[in-house]
Amino acid sequence: MQQDKGWEMLCDKLASSGYSALSERERVWFNIRALIDAVEGGGIISYFYNSGANTLGDCTAALERLGASDVKRQIDRVSALFPGSVPTSVADRNVIVDSWDEAGEAADKILEEVDDVLMPMMEDLEEELARFLERSEPRT
């Protein structure tokens, strides 16, 4: 349960001081947790349609740090649906995501394929995150 208390402290720090105040360890934790929760709660589109992808670059770096290249590859597939690059604001991303409905089934097909691949990976990603947090726990 120490991780639960640590998560609460991280969320309090984020709320009071902002994302830039998080340590590298906390950023890894925050970004991977946001990805896992989004995928398990509504599929990969939930990650992009909500605030999770606001820090997409840090999330992909965290995936690399955890050795989760298969997960990163799937995130990159969805990121490629955005022209140019993935916007950092929810509103800007949602304008693009909403346009996919008009574009036909191509985006939906990719999103479904990515969900099918990602969902079984989330348990392993969560375990790797737990190992990372243990290894990088600050010494008191």
# chains A, B, ... in the order shown; residues from 1 in each chain; ligands from 1

call {"tool": "closest_atom_pairs", "arguments": {"of": "range 2-99 of chain A", "to": "range 118-138 of chain A", "cutoff": "8 Å", "atoms": "only C-alpha atoms", "output": "tab-separated table"}}
result
residue	atom	partner	partner_atom	distance
A:Arg25	CA	A:Ser136	CA	7.0
A:Trp29	CA	A:Leu129	CA	7.1
A:Ile32	CA	A:Leu129	CA	7.3
A:Arg33	CA	A:Glu126	CA	7.8
A:Ile36	CA	A:Met122	CA	6.1
A:Val39	CA	A:Met119	CA	6.8
A:Glu40	CA	A:Met119	CA	6.8
A:Gly43	CA	A:Met119	CA	8.0
A:Leu66	CA	A:Glu128	CA	6.6
A:Ala68	CA	A:Leu125	CA	7.1
A:Val71	CA	A:Leu118	CA	6.6
A:Gln74	CA	A:Leu118	CA	7.2

call {"tool": "residues_around", "arguments": {"residues": "Ile110 in chain A", "least_positions_apart": "2", "cutoff": "12 Å", "atoms": "only C-alpha atoms", "output": "count of residues only"}}
result
24

call {"tool": "atom_distance", "arguments": {"atom1": "CA of Phe48 in chain A", "atom2": "CA of Val86 in chain A"}}
result
8.8 Å

call {"tool": "select_by_dssp", "arguments": {"residues": "range 1-138 of chain A", "states": "alpha helix (DSSP H)", "output": "mmCIF file with C-alpha atoms, in the first residue's frame"}}
result
data_model
loop_
_atom_site.group_PDB
_atom_site.id
_atom_site.type_symbol
_atom_site.label_atom_id
_atom_site.label_comp_id
_atom_site.auth_asym_id
_atom_site.auth_seq_id
_atom_site.Cartn_x
_atom_site.Cartn_y
_atom_site.Cartn_z
ATOM 1 C CA GLN A 2 3.030 2.290 0.096
ATOM 2 C CA GLN A 3 2.571 2.815 -3.665
ATOM 3 C CA ASP A 4 -1.028 3.953 -3.056
ATOM 4 C CA LYS A 5 0.162 6.575 -0.580
ATOM 5 C CA GLY A 6 2.929 7.587 -2.965
ATOM 6 C CA TRP A 7 0.398 7.932 -5.780
ATOM 7 C CA GLU A 8 -1.756 10.194 -3.618
ATOM 8 C CA MET A 9 1.281 12.328 -2.830
ATOM 9 C CA LEU A 10 2.190 12.502 -6.522
ATOM 10 C CA CYS A 11 -1.359 13.612 -7.408
ATOM 11 C CA ASP A 12 -1.300 16.240 -4.650
ATOM 12 C CA LYS A 13 2.042 17.535 -5.917
ATOM 13 C CA LEU A 14 0.737 17.644 -9.470
ATOM 14 C CA ALA A 15 -2.377 19.556 -8.392
ATOM 15 C CA SER A 16 -0.511 22.056 -6.243
ATOM 16 C CA SER A 17 2.733 22.591 -8.190
ATOM 17 C CA GLU A 24 11.717 12.123 -13.551
ATOM 18 C CA ARG A 25 10.556 9.107 -11.512
ATOM 19 C CA GLU A 26 7.200 10.778 -10.860
ATOM 20 C CA ARG A 27 6.793 11.627 -14.545
ATOM 21 C CA VAL A 28 7.377 8.019 -15.524
ATOM 22 C CA TRP A 29 4.854 6.909 -12.925
ATOM 23 C CA PHE A 30 2.273 9.521 -13.917
ATOM 24 C CA ASN A 31 2.550 8.913 -17.664
ATOM 25 C CA ILE A 32 2.513 5.126 -17.548
ATOM 26 C CA ARG A 33 -0.346 5.093 -15.044
ATOM 27 C CA ALA A 34 -2.344 7.507 -17.253
ATOM 28 C CA LEU A 35 -1.782 5.265 -20.270
ATOM 29 C CA ILE A 36 -2.743 2.064 -18.457
ATOM 30 C CA ASP A 37 -5.860 3.611 -16.945
ATOM 31 C CA ALA A 38 -6.982 5.056 -20.279
ATOM 32 C CA VAL A 39 -6.439 1.843 -22.238
ATOM 33 C CA GLU A 40 -8.184 -0.277 -19.615
ATOM 34 C CA GLY A 41 -10.965 2.258 -19.122
ATOM 35 C CA GLY A 42 -11.924 3.094 -22.672
ATOM 36 C CA ILE A 44 -6.429 3.846 -26.673
ATOM 37 C CA ILE A 45 -8.756 6.533 -28.011
ATOM 38 C CA SER A 46 -9.477 7.470 -24.396
ATOM 39 C CA TYR A 47 -5.802 8.288 -23.910
ATOM 40 C CA PHE A 48 -5.781 10.645 -26.877
ATOM 41 C CA TYR A 49 -9.288 12.048 -26.403
ATOM 42 C CA LEU A 56 2.774 12.136 -25.008
ATOM 43 C CA GLY A 57 6.495 12.743 -25.519
ATOM 44 C CA ASP A 58 7.205 12.003 -21.868
ATOM 45 C CA CYS A 59 4.997 8.919 -22.050
ATOM 46 C CA THR A 60 6.867 7.489 -25.022
ATOM 47 C CA ALA A 61 10.168 8.234 -23.269
ATOM 48 C CA ALA A 62 8.852 6.442 -20.167
ATOM 49 C CA LEU A 63 7.853 3.450 -22.288
ATOM 50 C CA GLU A 64 11.377 3.333 -23.701
ATOM 51 C CA ARG A 65 12.824 3.574 -20.212
ATOM 52 C CA SER A 69 8.915 -0.993 -27.081
ATOM 53 C CA ASP A 70 5.916 -3.085 -28.196
ATOM 54 C CA VAL A 71 3.560 -0.735 -26.350
ATOM 55 C CA LYS A 72 5.376 2.296 -27.746
ATOM 56 C CA ARG A 73 5.027 0.921 -31.270
ATOM 57 C CA GLN A 74 1.249 0.789 -30.835
ATOM 58 C CA ILE A 75 1.121 4.331 -29.449
ATOM 59 C CA ASP A 76 3.154 5.446 -32.460
ATOM 60 C CA ARG A 77 0.596 3.812 -34.802
ATOM 61 C CA VAL A 78 -2.170 5.957 -33.336
ATOM 62 C CA SER A 79 0.043 9.053 -33.216
ATOM 63 C CA VAL A 90 -7.149 18.112 -25.542
ATOM 64 C CA ALA A 91 -9.259 20.520 -27.588
ATOM 65 C CA ASP A 92 -6.889 20.473 -30.565
ATOM 66 C CA ARG A 93 -6.607 16.671 -30.491
ATOM 67 C CA ASN A 94 -10.357 16.264 -30.256
ATOM 68 C CA VAL A 95 -10.952 18.367 -33.370
ATOM 69 C CA ILE A 96 -8.748 15.912 -35.265
ATOM 70 C CA VAL A 97 -10.202 12.817 -33.596
ATOM 71 C CA ASP A 98 -13.725 14.017 -34.398
ATOM 72 C CA SER A 99 -12.702 14.422 -38.055
ATOM 73 C CA TRP A 100 -11.804 10.731 -38.216
ATOM 74 C CA ASP A 101 -15.518 9.885 -38.102
ATOM 75 C CA GLU A 102 -15.912 11.722 -41.384
ATOM 76 C CA ALA A 103 -12.855 10.091 -42.902
ATOM 77 C CA ALA A 106 -9.560 3.540 -41.595
ATOM 78 C CA ALA A 107 -8.904 5.189 -38.221
ATOM 79 C CA ASP A 108 -11.463 2.992 -36.466
ATOM 80 C CA LYS A 109 -9.790 -0.108 -37.860
ATOM 81 C CA ILE A 110 -6.377 1.001 -36.587
ATOM 82 C CA LEU A 111 -7.798 1.911 -33.175
ATOM 83 C CA GLU A 112 -9.479 -1.485 -32.853
ATOM 84 C CA GLU A 113 -6.295 -3.297 -33.896
ATOM 85 C CA VAL A 114 -4.238 -1.281 -31.411
ATOM 86 C CA ASP A 115 -6.714 -1.979 -28.603
ATOM 87 C CA ASP A 116 -6.605 -5.695 -29.385
ATOM 88 C CA VAL A 117 -2.821 -5.673 -29.166
ATOM 89 C CA LEU A 118 -2.480 -3.288 -26.210
ATOM 90 C CA MET A 122 -1.319 -3.683 -19.826
ATOM 91 C CA GLU A 123 -0.788 -6.211 -17.033
ATOM 92 C CA ASP A 124 2.863 -6.656 -18.006
ATOM 93 C CA LEU A 125 3.300 -2.889 -18.305
ATOM 94 C CA GLU A 126 1.828 -2.433 -14.855
ATOM 95 C CA GLU A 127 4.222 -5.028 -13.440
ATOM 96 C CA GLU A 128 7.182 -3.340 -15.139
ATOM 97 C CA LEU A 129 6.078 0.001 -13.702
ATOM 98 C CA ALA A 130 5.950 -1.542 -10.216
ATOM 99 C CA ARG A 131 9.485 -2.921 -10.660
ATOM 100 C CA PHE A 132 10.701 0.476 -11.861
ATOM 101 C CA LEU A 133 9.135 2.201 -8.859
ATOM 102 C CA GLU A 134 10.784 -0.265 -6.480
ATOM 103 C CA ARG A 135 14.187 0.164 -8.123
#

call {"tool": "atom_distance", "arguments": {"atom1": "CA of Tyr19 in chain A", "atom2": "CA of Arg139 in chain A"}}
result
22.4 Å
